[in-house]
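Trainee: Contents are PDB, C-alpha atoms and all ligand atoms; file name final20.pdb:
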ATOM      1  CA  MET Q   1      41.517  34.329  86.931  1.00  0.00           C
ATOM      2  CA  GLY Q   2      42.441  36.006  90.200  1.00  0.00           C
ATOM      3  CA  GLU Q   3      40.313  36.755  93.214  1.00  0.00           C
ATOM      4  CA  VAL Q   4      36.760  37.728  92.207  1.00  0.00           C
ATOM      5  CA  VAL Q   5      35.554  41.050  93.604  1.00  0.00           C
ATOM      6  CA  TYR Q   6      32.002  42.330  93.223  1.00  0.00           C
ATOM      7  CA  ASN Q   7      31.188  45.932  94.052  1.00  0.00           C
ATOM      8  CA  ILE Q   8      27.385  46.246  93.831  1.00  0.00           C
ATOM      9  CA  ASP Q   9      26.420  48.457  96.734  1.00  0.00           C
ATOM     10  CA  PRO Q  10      23.635  51.027  97.318  1.00  0.00           C
ATOM     11  CA  SER Q  11      26.217  53.467  98.695  1.00  0.00           C
ATOM     12  CA  LEU Q  12      27.985  53.849  95.316  1.00  0.00           C
ATOM     13  CA  ASP Q  13      27.990  57.429  93.990  1.00  0.00           C
ATOM     14  CA  PRO Q  14      26.186  57.407  90.583  1.00  0.00           C
ATOM     15  CA  THR Q  15      28.093  60.492  89.391  1.00  0.00           C
ATOM     16  CA  ARG Q  16      31.464  58.679  89.650  1.00  0.00           C
ATOM     17  CA  ASP Q  17      32.942  55.707  87.760  1.00  0.00           C
ATOM     18  CA  HIS Q  18      33.183  52.384  89.615  1.00  0.00           C
ATOM     19  CA  ILE Q  19      34.629  48.932  88.982  1.00  0.00           C
ATOM     20  CA  LEU Q  20      31.603  46.676  89.576  1.00  0.00           C
ATOM     21  CA  TYR Q  21      33.355  43.361  88.912  1.00  0.00           C
ATOM     22  CA  ASP Q  22      37.041  42.453  88.811  1.00  0.00           C
ATOM     23  CA  ASP Q  23      38.702  39.038  88.609  1.00  0.00           C
ATOM     24  CA  GLY Q  24      42.161  40.302  87.668  1.00  0.00           C
ATOM     25  CA  SER Q  25      41.815  39.852  83.894  1.00  0.00           C
ATOM     26  CA  HIS Q  26      38.150  40.760  83.377  1.00  0.00           C
ATOM     27  CA  LYS Q  27      36.501  43.950  84.640  1.00  0.00           C
ATOM     28  CA  VAL Q  28      33.086  45.585  84.363  1.00  0.00           C
ATOM     29  CA  ILE Q  29      33.048  49.339  84.893  1.00  0.00           C
ATOM     30  CA  TYR Q  30      30.177  51.791  85.345  1.00  0.00           C
ATOM     31  CA  LEU Q  31      31.264  54.994  83.632  1.00  0.00           C
ATOM     32  CA  GLY Q  32      29.808  57.590  86.035  1.00  0.00           C
ATOM     33  CA  THR Q  33      27.276  58.840  83.501  1.00  0.00           C
ATOM     34  CA  GLN Q  34      24.410  59.851  85.804  1.00  0.00           C
ATOM     35  CA  GLY Q  35      24.160  63.461  86.938  1.00  0.00           C
ATOM     36  CA  VAL Q  36      25.705  64.931  83.775  1.00  0.00           C
ATOM     37  CA  GLY Q  37      22.592  65.876  81.823  1.00  0.00           C
ATOM     38  CA  LYS Q  38      21.002  69.308  81.646  1.00  0.00           C
ATOM     39  CA  GLY Q  39      17.413  68.121  81.643  1.00  0.00           C
ATOM     40  CA  ASP Q  40      18.179  65.084  79.484  1.00  0.00           C
ATOM     41  CA  VAL Q  41      17.163  61.669  80.743  1.00  0.00           C
ATOM     42  CA  GLU Q  42      19.943  60.134  82.885  1.00  0.00           C
ATOM     43  CA  VAL Q  43      21.774  57.195  81.274  1.00  0.00           C
ATOM     44  CA  ASN Q  44      24.073  54.384  82.365  1.00  0.00           C
ATOM     45  CA  SER Q  45      27.066  53.530  80.182  1.00  0.00           C
ATOM     46  CA  TYR Q  46      29.282  50.545  80.965  1.00  0.00           C
ATOM     47  CA  LEU Q  47      32.660  49.199  79.854  1.00  0.00           C
ATOM     48  CA  ILE Q  48      33.764  45.563  79.851  1.00  0.00           C
ATOM     49  CA  VAL Q  49      37.541  45.097  79.771  1.00  0.00           C
ATOM     50  CA  ASP Q  50      39.056  41.670  79.149  1.00  0.00           C
ATOM     51  CA  GLY Q  51      42.859  41.683  79.093  1.00  0.00           C
ATOM     52  CA  ASP Q  52      43.749  44.706  76.975  1.00  0.00           C
ATOM     53  CA  THR Q  53      40.577  44.876  74.911  1.00  0.00           C
ATOM     54  CA  GLY Q  54      37.247  46.564  75.595  1.00  0.00           C
ATOM     55  CA  LEU Q  55      33.535  46.540  74.821  1.00  0.00           C
ATOM     56  CA  LEU Q  56      31.686  49.827  75.402  1.00  0.00           C
ATOM     57  CA  LEU Q  57      27.995  49.298  76.159  1.00  0.00           C
ATOM     58  CA  ASP Q  58      25.584  52.084  75.203  1.00  0.00           C
ATOM     59  CA  PRO Q  59      27.980  55.067  74.877  1.00  0.00           C
ATOM     60  CA  GLY Q  60      25.158  57.596  75.389  1.00  0.00           C
ATOM     61  CA  GLY Q  61      24.327  60.952  73.860  1.00  0.00           C
ATOM     62  CA  TYR Q  62      26.293  64.003  72.765  1.00  0.00           C
ATOM     63  CA  ASN Q  63      26.531  65.727  76.172  1.00  0.00           C
ATOM     64  CA  ILE Q  64      28.164  62.891  78.089  1.00  0.00           C
ATOM     65  CA  PHE Q  65      30.856  62.038  75.538  1.00  0.00           C
ATOM     66  CA  PRO Q  66      33.662  64.019  77.329  1.00  0.00           C
ATOM     67  CA  LYS Q  67      32.936  62.327  80.672  1.00  0.00           C
ATOM     68  CA  VAL Q  68      32.643  58.861  79.109  1.00  0.00           C
ATOM     69  CA  ILE Q  69      35.947  59.135  77.267  1.00  0.00           C
ATOM     70  CA  SER Q  70      37.844  60.536  80.229  1.00  0.00           C
ATOM     71  CA  ASN Q  71      36.513  57.830  82.564  1.00  0.00           C
ATOM     72  CA  ILE Q  72      37.306  55.069  80.053  1.00  0.00           C
ATOM     73  CA  SER Q  73      40.871  56.377  79.831  1.00  0.00           C
ATOM     74  CA  LYS Q  74      41.429  55.476  83.511  1.00  0.00           C
ATOM     75  CA  TYR Q  75      41.047  51.778  82.640  1.00  0.00           C
ATOM     76  CA  LEU Q  76      41.893  51.330  78.960  1.00  0.00           C
ATOM     77  CA  HIS Q  77      43.287  53.401  76.123  1.00  0.00           C
ATOM     78  CA  PRO Q  78      40.206  54.264  74.028  1.00  0.00           C
ATOM     79  CA  SER Q  79      41.959  52.870  70.928  1.00  0.00           C
ATOM     80  CA  LYS Q  80      41.721  49.433  72.597  1.00  0.00           C
ATOM     81  CA  ILE Q  81      37.929  49.453  72.438  1.00  0.00           C
ATOM     82  CA  GLN Q  82      37.176  46.662  70.000  1.00  0.00           C
ATOM     83  CA  TYR Q  83      33.383  46.935  70.015  1.00  0.00           C
ATOM     84  CA  ILE Q  84      30.847  49.674  70.709  1.00  0.00           C
ATOM     85  CA  TYR Q  85      27.440  48.155  71.361  1.00  0.00           C
ATOM     86  CA  LEU Q  86      24.117  49.942  70.860  1.00  0.00           C
ATOM     87  CA  CYS Q  87      21.240  48.064  72.496  1.00  0.00           C
ATOM     88  CA  HIS Q  88      18.921  49.888  70.086  1.00  0.00           C
ATOM     89  CA  GLN Q  89      18.729  53.017  67.941  1.00  0.00           C
ATOM     90  CA  ASP Q  90      17.647  55.775  70.337  1.00  0.00           C
ATOM     91  CA  PRO Q  91      19.639  59.058  70.705  1.00  0.00           C
ATOM     92  CA  ASP Q  92      20.237  58.493  74.447  1.00  0.00           C
ATOM     93  CA  VAL Q  93      22.110  55.320  73.411  1.00  0.00           C
ATOM     94  CA  ALA Q  94      23.768  56.387  70.168  1.00  0.00           C
ATOM     95  CA  GLY Q  95      23.962  60.212  70.069  1.00  0.00           C
ATOM     96  CA  SER Q  96      27.731  60.242  70.706  1.00  0.00           C
ATOM     97  CA  ILE Q  97      28.494  57.839  67.844  1.00  0.00           C
ATOM     98  CA  PRO Q  98      29.676  60.585  65.416  1.00  0.00           C
ATOM     99  CA  MET Q  99      32.413  61.563  67.926  1.00  0.00           C
ATOM    100  CA  TRP Q 100      33.374  57.933  68.472  1.00  0.00           C
ATOM    101  CA  ARG Q 101      33.684  57.362  64.714  1.00  0.00           C
ATOM    102  CA  LYS Q 102      36.163  60.260  64.489  1.00  0.00           C
ATOM    103  CA  MET Q 103      38.568  58.690  66.995  1.00  0.00           C
ATOM    104  CA  SER Q 104      37.929  54.942  67.016  1.00  0.00           C
ATOM    105  CA  ASN Q 105      37.883  52.006  64.611  1.00  0.00           C
ATOM    106  CA  ALA Q 106      35.768  49.929  66.989  1.00  0.00           C
ATOM    107  CA  LYS Q 107      33.088  47.814  65.351  1.00  0.00           C
ATOM    108  CA  ILE Q 108      29.575  49.079  66.063  1.00  0.00           C
ATOM    109  CA  VAL Q 109      27.435  46.154  67.280  1.00  0.00           C
ATOM    110  CA  VAL Q 110      23.740  46.779  66.625  1.00  0.00           C
ATOM    111  CA  HIS Q 111      20.644  44.966  65.344  1.00  0.00           C
ATOM    112  CA  TRP Q 112      20.673  44.604  61.530  1.00  0.00           C
ATOM    113  CA  LEU Q 113      17.542  46.751  61.240  1.00  0.00           C
ATOM    114  CA  TRP Q 114      19.442  49.878  62.343  1.00  0.00           C
ATOM    115  CA  VAL Q 115      22.481  49.463  60.092  1.00  0.00           C
ATOM    116  CA  ARG Q 116      21.067  51.530  57.226  1.00  0.00           C
ATOM    117  CA  PHE Q 117      20.002  54.265  59.643  1.00  0.00           C
ATOM    118  CA  LEU Q 118      23.570  54.752  60.916  1.00  0.00           C
ATOM    119  CA  PRO Q 119      24.710  56.683  57.796  1.00  0.00           C
ATOM    120  CA  HIS Q 120      22.537  59.522  59.120  1.00  0.00           C
ATOM    121  CA  PHE Q 121      25.180  59.912  61.851  1.00  0.00           C
ATOM    122  CA  GLY Q 122      27.713  60.654  59.091  1.00  0.00           C
ATOM    123  CA  PHE Q 123      29.108  57.143  58.598  1.00  0.00           C
ATOM    124  CA  GLU Q 124      31.010  56.126  55.495  1.00  0.00           C
ATOM    125  CA  ASN Q 125      31.752  52.568  54.406  1.00  0.00           C
ATOM    126  CA  ILE Q 126      29.133  51.240  56.777  1.00  0.00           C
ATOM    127  CA  GLU Q 127      29.703  47.539  55.980  1.00  0.00           C
ATOM    128  CA  ALA Q 128      33.313  47.745  57.216  1.00  0.00           C
ATOM    129  CA  VAL Q 129      32.348  49.444  60.467  1.00  0.00           C
ATOM    130  CA  VAL Q 130      29.287  47.540  61.674  1.00  0.00           C
ATOM    131  CA  HIS Q 131      28.812  44.119  63.256  1.00  0.00           C
ATOM    132  CA  PRO Q 132      25.096  43.505  62.584  1.00  0.00           C
ATOM    133  CA  LEU Q 133      23.222  41.356  65.100  1.00  0.00           C
ATOM    134  CA  PRO Q 134      20.769  38.838  63.632  1.00  0.00           C
ATOM    135  CA  ASP Q 135      17.225  38.523  65.009  1.00  0.00           C
ATOM    136  CA  GLU Q 136      18.042  35.340  66.910  1.00  0.00           C
ATOM    137  CA  GLY Q 137      21.045  36.805  68.796  1.00  0.00           C
ATOM    138  CA  ASP Q 138      24.789  36.282  68.603  1.00  0.00           C
ATOM    139  CA  ARG Q 139      28.031  35.844  70.524  1.00  0.00           C
ATOM    140  CA  ILE Q 140      31.306  37.720  70.235  1.00  0.00           C
ATOM    141  CA  VAL Q 141      34.715  36.903  71.646  1.00  0.00           C
ATOM    142  CA  LEU Q 142      36.233  39.654  73.778  1.00  0.00           C
ATOM    143  CA  GLY Q 143      39.783  38.757  74.816  1.00  0.00           C
ATOM    144  CA  GLY Q 144      39.357  35.512  76.754  1.00  0.00           C
ATOM    145  CA  SER Q 145      35.616  35.891  77.279  1.00  0.00           C
ATOM    146  CA  SER Q 146      32.437  35.253  75.356  1.00  0.00           C
ATOM    147  CA  ILE Q 147      29.689  37.870  75.305  1.00  0.00           C
ATOM    148  CA  GLU Q 148      26.120  36.799  74.479  1.00  0.00           C
ATOM    149  CA  PHE Q 149      23.529  39.020  72.769  1.00  0.00           C
ATOM    150  CA  ILE Q 150      20.026  37.946  73.760  1.00  0.00           C
ATOM    151  CA  PRO Q 151      17.000  39.114  71.737  1.00  0.00           C
ATOM    152  CA  ALA Q 152      14.740  41.612  73.530  1.00  0.00           C
ATOM    153  CA  HIS Q 153      12.797  42.764  70.498  1.00  0.00           C
ATOM    154  CA  PHE Q 154       9.841  45.146  70.953  1.00  0.00           C
ATOM    155  CA  LEU Q 155      10.993  45.981  74.507  1.00  0.00           C
ATOM    156  CA  HIS Q 156      10.662  48.775  73.442  1.00  0.00           C
ATOM    157  CA  SER Q 157      12.522  48.879  70.122  1.00  0.00           C
ATOM    158  CA  PRO Q 158      11.769  46.340  67.352  1.00  0.00           C
ATOM    159  CA  GLY Q 159      15.522  45.615  67.220  1.00  0.00           C
ATOM    160  CA  HIS Q 160      16.674  45.498  70.863  1.00  0.00           C
ATOM    161  CA  PHE Q 161      19.076  43.212  72.745  1.00  0.00           C
ATOM    162  CA  SER Q 162      20.217  42.338  76.239  1.00  0.00           C
ATOM    163  CA  VAL Q 163      23.856  41.372  76.854  1.00  0.00           C
ATOM    164  CA  TYR Q 164      25.020  38.570  79.135  1.00  0.00           C
ATOM    165  CA  ASP Q 165      28.622  38.535  80.319  1.00  0.00           C
ATOM    166  CA  SER Q 166      29.243  34.976  81.541  1.00  0.00           C
ATOM    167  CA  LYS Q 167      32.325  35.961  83.594  1.00  0.00           C
ATOM    168  CA  SER Q 168      30.662  38.615  85.763  1.00  0.00           C
ATOM    169  CA  ARG Q 169      27.216  37.011  85.294  1.00  0.00           C
ATOM    170  CA  PHE Q 170      25.872  40.521  84.695  1.00  0.00           C
ATOM    171  CA  LEU Q 171      22.863  40.992  82.421  1.00  0.00           C
ATOM    172  CA  PHE Q 172      22.820  44.390  80.681  1.00  0.00           C
ATOM    173  CA  THR Q 173      19.198  44.999  79.792  1.00  0.00           C
ATOM    174  CA  GLY Q 174      19.117  48.282  77.837  1.00  0.00           C
ATOM    175  CA  ASP Q 175      15.656  49.797  78.211  1.00  0.00           C
ATOM    176  CA  ILE Q 176      14.258  46.857  80.237  1.00  0.00           C
ATOM    177  CA  GLY Q 177      14.251  47.466  83.995  1.00  0.00           C
ATOM    178  CA  ILE Q 178      14.646  51.193  83.579  1.00  0.00           C
ATOM    179  CA  ASN Q 179      13.394  53.943  85.825  1.00  0.00           C
ATOM    180  CA  LEU Q 180      13.364  57.748  85.618  1.00  0.00           C
ATOM    181  CA  LEU Q 181      14.470  58.680  89.124  1.00  0.00           C
ATOM    182  CA  GLU Q 182      14.102  62.035  90.869  1.00  0.00           C
ATOM    183  CA  ARG Q 183      17.705  61.861  92.016  1.00  0.00           C
ATOM    184  CA  PRO Q 184      20.503  59.644  90.695  1.00  0.00           C
ATOM    185  CA  VAL Q 185      20.855  56.209  92.315  1.00  0.00           C
ATOM    186  CA  LEU Q 186      23.293  53.534  91.128  1.00  0.00           C
ATOM    187  CA  VAL Q 187      22.174  50.407  93.045  1.00  0.00           C
ATOM    188  CA  TYR Q 188      18.733  49.782  94.577  1.00  0.00           C
ATOM    189  CA  ASP Q 189      18.703  48.871  98.227  1.00  0.00           C
ATOM    190  CA  THR Q 190      15.137  47.589  98.022  1.00  0.00           C
ATOM    191  CA  LEU Q 191      12.856  47.612  94.981  1.00  0.00           C
ATOM    192  CA  ASP Q 192       9.465  48.252  96.595  1.00  0.00           C
ATOM    193  CA  PRO Q 193       9.564  52.092  96.735  1.00  0.00           C
ATOM    194  CA  TYR Q 194      10.520  52.201  93.050  1.00  0.00           C
ATOM    195  CA  LEU Q 195       8.123  49.686  91.461  1.00  0.00           C
ATOM    196  CA  GLY Q 196       5.321  52.264  90.966  1.00  0.00           C
ATOM    197  CA  GLY Q 197       7.587  54.501  88.866  1.00  0.00           C
ATOM    198  CA  MET Q 198       8.975  51.521  86.985  1.00  0.00           C
ATOM    199  CA  ARG Q 199       5.445  50.333  86.178  1.00  0.00           C
ATOM    200  CA  THR Q 200       4.488  53.703  84.632  1.00  0.00           C
ATOM    201  CA  VAL Q 201       7.564  53.704  82.391  1.00  0.00           C
ATOM    202  CA  HIS Q 202       7.329  50.039  81.354  1.00  0.00           C
ATOM    203  CA  GLU Q 203       3.604  50.004  80.638  1.00  0.00           C
ATOM    204  CA  ARG Q 204       4.093  52.978  78.311  1.00  0.00           C
ATOM    205  CA  LEU Q 205       7.306  51.880  76.578  1.00  0.00           C
ATOM    206  CA  MET Q 206       6.634  48.150  76.234  1.00  0.00           C
ATOM    207  CA  PRO Q 207       3.902  47.477  73.677  1.00  0.00           C
ATOM    208  CA  SER Q 208       2.850  43.991  74.799  1.00  0.00           C
ATOM    209  CA  SER Q 209       3.289  41.617  77.728  1.00  0.00           C
ATOM    210  CA  LYS Q 210       3.719  38.829  75.131  1.00  0.00           C
ATOM    211  CA  ALA Q 211       7.121  40.327  74.241  1.00  0.00           C
ATOM    212  CA  VAL Q 212       7.961  40.607  77.958  1.00  0.00           C
ATOM    213  CA  LYS Q 213       7.192  36.909  78.535  1.00  0.00           C
ATOM    214  CA  MET Q 214       9.288  35.842  75.510  1.00  0.00           C
ATOM    215  CA  TRP Q 215      12.256  37.699  77.012  1.00  0.00           C
ATOM    216  CA  LEU Q 216      11.672  36.306  80.512  1.00  0.00           C
ATOM    217  CA  ASP Q 217      11.689  32.752  79.109  1.00  0.00           C
ATOM    218  CA  LYS Q 218      15.172  33.416  77.712  1.00  0.00           C
ATOM    219  CA  VAL Q 219      16.796  35.150  80.679  1.00  0.00           C
ATOM    220  CA  ARG Q 220      15.382  32.988  83.469  1.00  0.00           C
ATOM    221  CA  ARG Q 221      17.713  30.167  82.363  1.00  0.00           C
ATOM    222  CA  LEU Q 222      20.750  32.373  83.185  1.00  0.00           C
ATOM    223  CA  ASN Q 223      22.665  32.599  86.445  1.00  0.00           C
ATOM    224  CA  ILE Q 224      22.431  36.375  87.000  1.00  0.00           C
ATOM    225  CA  GLU Q 225      24.404  38.288  89.617  1.00  0.00           C
ATOM    226  CA  ALA Q 226      22.923  41.700  88.747  1.00  0.00           C
ATOM    227  CA  ILE Q 227      20.715  43.411  86.167  1.00  0.00           C
ATOM    228  CA  LEU Q 228      22.225  46.586  84.729  1.00  0.00           C
ATOM    229  CA  PRO Q 229      19.727  48.769  82.825  1.00  0.00           C
ATOM    230  CA  GLN Q 230      20.457  51.804  80.667  1.00  0.00           C
ATOM    231  CA  HIS Q 231      18.464  54.143  82.960  1.00  0.00           C
ATOM    232  CA  GLY Q 232      17.796  54.043  86.684  1.00  0.00           C
ATOM    233  CA  ALA Q 233      19.580  51.809  89.151  1.00  0.00           C
ATOM    234  CA  ILE Q 234      21.228  48.379  89.097  1.00  0.00           C
ATOM    235  CA  ILE Q 235      19.116  45.482  90.416  1.00  0.00           C
ATOM    236  CA  SER Q 236      21.208  43.215  92.637  1.00  0.00           C
ATOM    237  CA  ARG Q 237      20.790  39.432  92.867  1.00  0.00           C
ATOM    238  CA  ASP Q 238      18.461  39.473  95.893  1.00  0.00           C
ATOM    239  CA  ASN Q 239      15.954  41.704  94.050  1.00  0.00           C
ATOM    240  CA  ILE Q 240      15.924  39.865  90.696  1.00  0.00           C
ATOM    241  CA  ASP Q 241      13.072  37.430  91.432  1.00  0.00           C
ATOM    242  CA  LYS Q 242      10.889  40.329  92.555  1.00  0.00           C
ATOM    243  CA  PHE Q 243      11.802  42.266  89.409  1.00  0.00           C
ATOM    244  CA  PHE Q 244      10.887  39.325  87.153  1.00  0.00           C
ATOM    245  CA  ARG Q 245       7.541  38.927  88.949  1.00  0.00           C
ATOM    246  CA  PHE Q 246       6.955  42.676  88.465  1.00  0.00           C
ATOM    247  CA  LEU Q 247       7.570  42.263  84.716  1.00  0.00           C
ATOM    248  CA  GLU Q 248       5.063  39.389  84.596  1.00  0.00           C
ATOM    249  CA  SER Q 249       2.414  41.643  86.164  1.00  0.00           C
ATOM    250  CA  LEU Q 250       2.657  44.439  83.570  1.00  0.00           C
ATOM    251  CA  LYS Q 251      -0.427  45.543  81.608  1.00  0.00           C
ATOM    252  CA  CYS Q 252       1.246  46.975  78.532  1.00  0.00           C
ATOM    253  CA  PHE Q 253      -0.150  49.433  76.012  1.00  0.00           C
ATOM    254  CA  LEU Q 254      -1.583  46.827  73.607  1.00  0.00           C
ATOM    255  CA  ASP Q 255      -2.615  44.204  76.202  1.00  0.00           C
TER     256      ASP Q 255
HETATM  257 FE    FE Q 301      14.967  53.656  74.091  1.00  0.00          FE
HETATM  258 FE    FE Q 302      17.040  54.411  76.810  1.00  0.00          FE
END
Would you put the structure from the file into structure tokens?
Mentor:
Amino acid sequence: MGEVVYNIDPSLDPTRDHILYDDGSHKVIYLGTQGVGKGDVEVNSYLIVDGDTGLLLDPGGYNIFPKVISNISKYLHPSKIQYIYLCHQDPDVAGSIPMWRKMSNAKIVVHWLWVRFLPHFGFENIEAVVHPLPDEGDRIVLGGSSIEFIPAHFLHSPGHFSVYDSKSRFLFTGDIGINLLERPVLVYDTLDPYLGGMRTVHERLMPSSKAVKMWLDKVRRLNIEAILPQHGAIISRDNIDKFFRFLESLKCFLD
């Protein structure tokens, strides 16, 4: 491991790709996916590279595929992507999967519940292509690193995960911690102006604060440098306690 460099800064341009963490052999890259959509909800796609192998997190929908693949190519040949992870089944996460299947043999990592829905994307030989995640979570080896899949079920999907990368200490939270912003932002400076919008989205999407508390019990044991959601901006270390307290205060749809 070389010198560790973090690049989590409110000045980062959300329409461009950025290396967010780099220790020489392990990198985490934001793929510049905000600002592409034509009315579609903005998404964040990320790439973890360890040595010469990659994990693509939440590749996104149909429209952003060209930008995602060209930005990945700056860091890793797309054929070196070993895993493509879908935090859950929604089209903003998985809509580009048919294109990925045409050009990649990467294993699709997704909760077991969604495996038999994937053939609707045009999959063949599904068992050979998918790495199903069990309810209780899982770990995979990526190069010299271990990637942990932490259950986040019912937040909002019944088969939903967060991902913890122990090298960068980043927690990728899928649809937890999301926001639908008026203009693209990649890293929050301060959370306060955004908590009202986040509350509206979370109290609608998350069915029950019981599920929120189950997830908080799991992730509070982790040493987290930043929270990286699939929509909205990245929550840096100094805002994480406030974000967790915000989650505890939610009055969800079924509460
Ligand atoms: Fe979703
Ligand atoms: Fe989403």
Trainee: Please find the residues contacting ligand FE 301 (chain Q) at a distance of at most 8 Å between atoms, with only C-alpha atoms and all ligand atoms counted, and report them as a PyMOL selection string.
Mentor: chain Q and resi 88-93+156-157+174-175
Trainee: Using all atoms listed in the file, which protein or nucleic acid residues come within 7 Å of Arg237 of chain Q? Drop anything in the same chain fewer than 6 positions from it, and give the result as a list in words.
Mentor: Ile224, Glu225 and Ala226 of chain Q
Trainee: Output C-alpha atoms of each residue in that selection to a file, as a compact mmCIF listing (two decimals), in the frame of the given file.
Mentor:
# COMPACT_ATOMS: atom_id res chain seq x y z
CA ILE Q 224 22.43 36.38 87.00
CA GLU Q 225 24.40 38.29 89.62
CA ALA Q 226 22.92 41.70 88.75
Trainee: Taking all atoms listed in the file into account, which residues are within 12 Å of ligand FE 302 (chain Q), as a PyMOL selection string?
Mentor: chain Q and resi 40-45+58-61+86-95+155-157+160+173-180+201-202+205+229-232
Trainee: Would you write out those residues with C-alpha atoms, as a PDB file, keeping the file's coordinate frame?
Mentor:
ATOM      1  CA  ASP Q  40      18.179  65.084  79.484  1.00  0.00           C
ATOM      2  CA  VAL Q  41      17.163  61.669  80.743  1.00  0.00           C
ATOM      3  CA  GLU Q  42      19.943  60.134  82.885  1.00  0.00           C
ATOM      4  CA  VAL Q  43      21.774  57.195  81.274  1.00  0.00           C
ATOM      5  CA  ASN Q  44      24.073  54.384  82.365  1.00  0.00           C
ATOM      6  CA  SER Q  45      27.066  53.530  80.182  1.00  0.00           C
ATOM      7  CA  ASP Q  58      25.584  52.084  75.203  1.00  0.00           C
ATOM      8  CA  PRO Q  59      27.980  55.067  74.877  1.00  0.00           C
ATOM      9  CA  GLY Q  60      25.158  57.596  75.389  1.00  0.00           C
ATOM     10  CA  GLY Q  61      24.327  60.952  73.860  1.00  0.00           C
ATOM     11  CA  LEU Q  86      24.117  49.942  70.860  1.00  0.00           C
ATOM     12  CA  CYS Q  87      21.240  48.064  72.496  1.00  0.00           C
ATOM     13  CA  HIS Q  88      18.921  49.888  70.086  1.00  0.00           C
ATOM     14  CA  GLN Q  89      18.729  53.017  67.941  1.00  0.00           C
ATOM     15  CA  ASP Q  90      17.647  55.775  70.337  1.00  0.00           C
ATOM     16  CA  PRO Q  91      19.639  59.058  70.705  1.00  0.00           C
ATOM     17  CA  ASP Q  92      20.237  58.493  74.447  1.00  0.00           C
ATOM     18  CA  VAL Q  93      22.110  55.320  73.411  1.00  0.00           C
ATOM     19  CA  ALA Q  94      23.768  56.387  70.168  1.00  0.00           C
ATOM     20  CA  GLY Q  95      23.962  60.212  70.069  1.00  0.00           C
ATOM     21  CA  LEU Q 155      10.993  45.981  74.507  1.00  0.00           C
ATOM     22  CA  HIS Q 156      10.662  48.775  73.442  1.00  0.00           C
ATOM     23  CA  SER Q 157      12.522  48.879  70.122  1.00  0.00           C
ATOM     24  CA  HIS Q 160      16.674  45.498  70.863  1.00  0.00           C
ATOM     25  CA  THR Q 173      19.198  44.999  79.792  1.00  0.00           C
ATOM     26  CA  GLY Q 174      19.117  48.282  77.837  1.00  0.00           C
ATOM     27  CA  ASP Q 175      15.656  49.797  78.211  1.00  0.00           C
ATOM     28  CA  ILE Q 176      14.258  46.857  80.237  1.00  0.00           C
ATOM     29  CA  GLY Q 177      14.251  47.466  83.995  1.00  0.00           C
ATOM     30  CA  ILE Q 178      14.646  51.193  83.579  1.00  0.00           C
ATOM     31  CA  ASN Q 179      13.394  53.943  85.825  1.00  0.00           C
ATOM     32  CA  LEU Q 180      13.364  57.748  85.618  1.00  0.00           C
ATOM     33  CA  VAL Q 201       7.564  53.704  82.391  1.00  0.00           C
ATOM     34  CA  HIS Q 202       7.329  50.039  81.354  1.00  0.00           C
ATOM     35  CA  LEU Q 205       7.306  51.880  76.578  1.00  0.00           C
ATOM     36  CA  PRO Q 229      19.727  48.769  82.825  1.00  0.00           C
ATOM     37  CA  GLN Q 230      20.457  51.804  80.667  1.00  0.00           C
ATOM     38  CA  HIS Q 231      18.464  54.143  82.960  1.00  0.00           C
ATOM     39  CA  GLY Q 232      17.796  54.043  86.684  1.00  0.00           C
TER      40      GLY Q 232
END
Trainee: Considering only C-alpha atoms, can you say which of Q:Asp192, Q:Glu182, Q:Asp255, Q:Asp52 comes closest to Arg204 of chain Q?
Mentor: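 Nearest candidate to Arg204 of chain Q out of Q:Asp192, Q:Glu182, Q:Asp255, Q:Asp52: Q:Asp255.
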Trainee: Pick out the closest residue to Ser162 of chain Q from this set: Q:Val185, Q:Val219, Q:Leu195, Q:Cys252. Count all atoms listed in the file.
Mentor: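 Among the listed residues, Q:Val219 lies closest to Ser162 of chain Q.
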Trainee: Counting all atoms listed in the file, which residues sit no farther than 8 Å from the position (32.3, 52.9, 70.8) in the file's frame? I'd like them as a PyMOL selection string.
Mentor: chain Q and resi 55-57+59+81-85+97+100-101+104+106-108
Trainee: Output the residue selection produced by the PyMOL selection byres (((chain Q and resi 139-144) around 10) and not hetatm) on the file above, formatted as a PyMOL selection string.
Mentor: chain Q and resi 25-26+48-55+82-83+109+131+133+137-138+145-150+163-164+167
Trainee: Would you please work out which residue, of Q:Lys251, Q:Lys80, Q:Lys102, Q:His111, is nearest to Lys210 of chain Q when using only C-alpha atoms?
Mentor: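 When distances to Lys210 of chain Q are compared using only C-alpha atoms, the smallest one comes from Q:Lys251.
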Trainee: Quick check on the file I pasted: which residues fall under the PyMOL selection byres (((chain Q and resi 118) around 10) and not hetatm)? Write them as a list in words.
Mentor: Gln89, Ala94, Ile97, Pro98, Ile108, Val110, Trp114, Val115, Arg116, Phe117, Pro119, His120, Phe121, Gly122, Phe123, Glu124, Ile126 and Val130 of chain Q
Trainee: Would you kindly translate the PyMOL selection byres (((chain Q and resi 14) around 12) and not hetatm) into the concrete residues it picks from this file, as a PyMOL selection string?
Mentor: chain Q and resi 8-13+15-18+30-36+42-45+181+183-188+231-234
Trainee: So what do you get for atom CA of Leu216 of chain Q versus atom CA of Ser249 of chain Q, distance-wise?
Mentor: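 For atom CA of Leu216 of chain Q relative to atom CA of Ser249 of chain Q, the distance reads 12.1 Å.
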Trainee: Can you tell me how far atom CA of Tyr75 of chain Q sits from atom CA of Asp238 of chain Q, in Å to one decimal?
Mentor: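 Separation between atom CA of Tyr75 of chain Q and atom CA of Asp238 of chain Q: 28.9 Å.
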Trainee: When distances are computed from only C-alpha atoms, which of Q:Ile235, Q:Leu247, Q:Ile72, Q:Val129 shows the smallest separation from Thr190 of chain Q?
Mentor: Q:Ile235
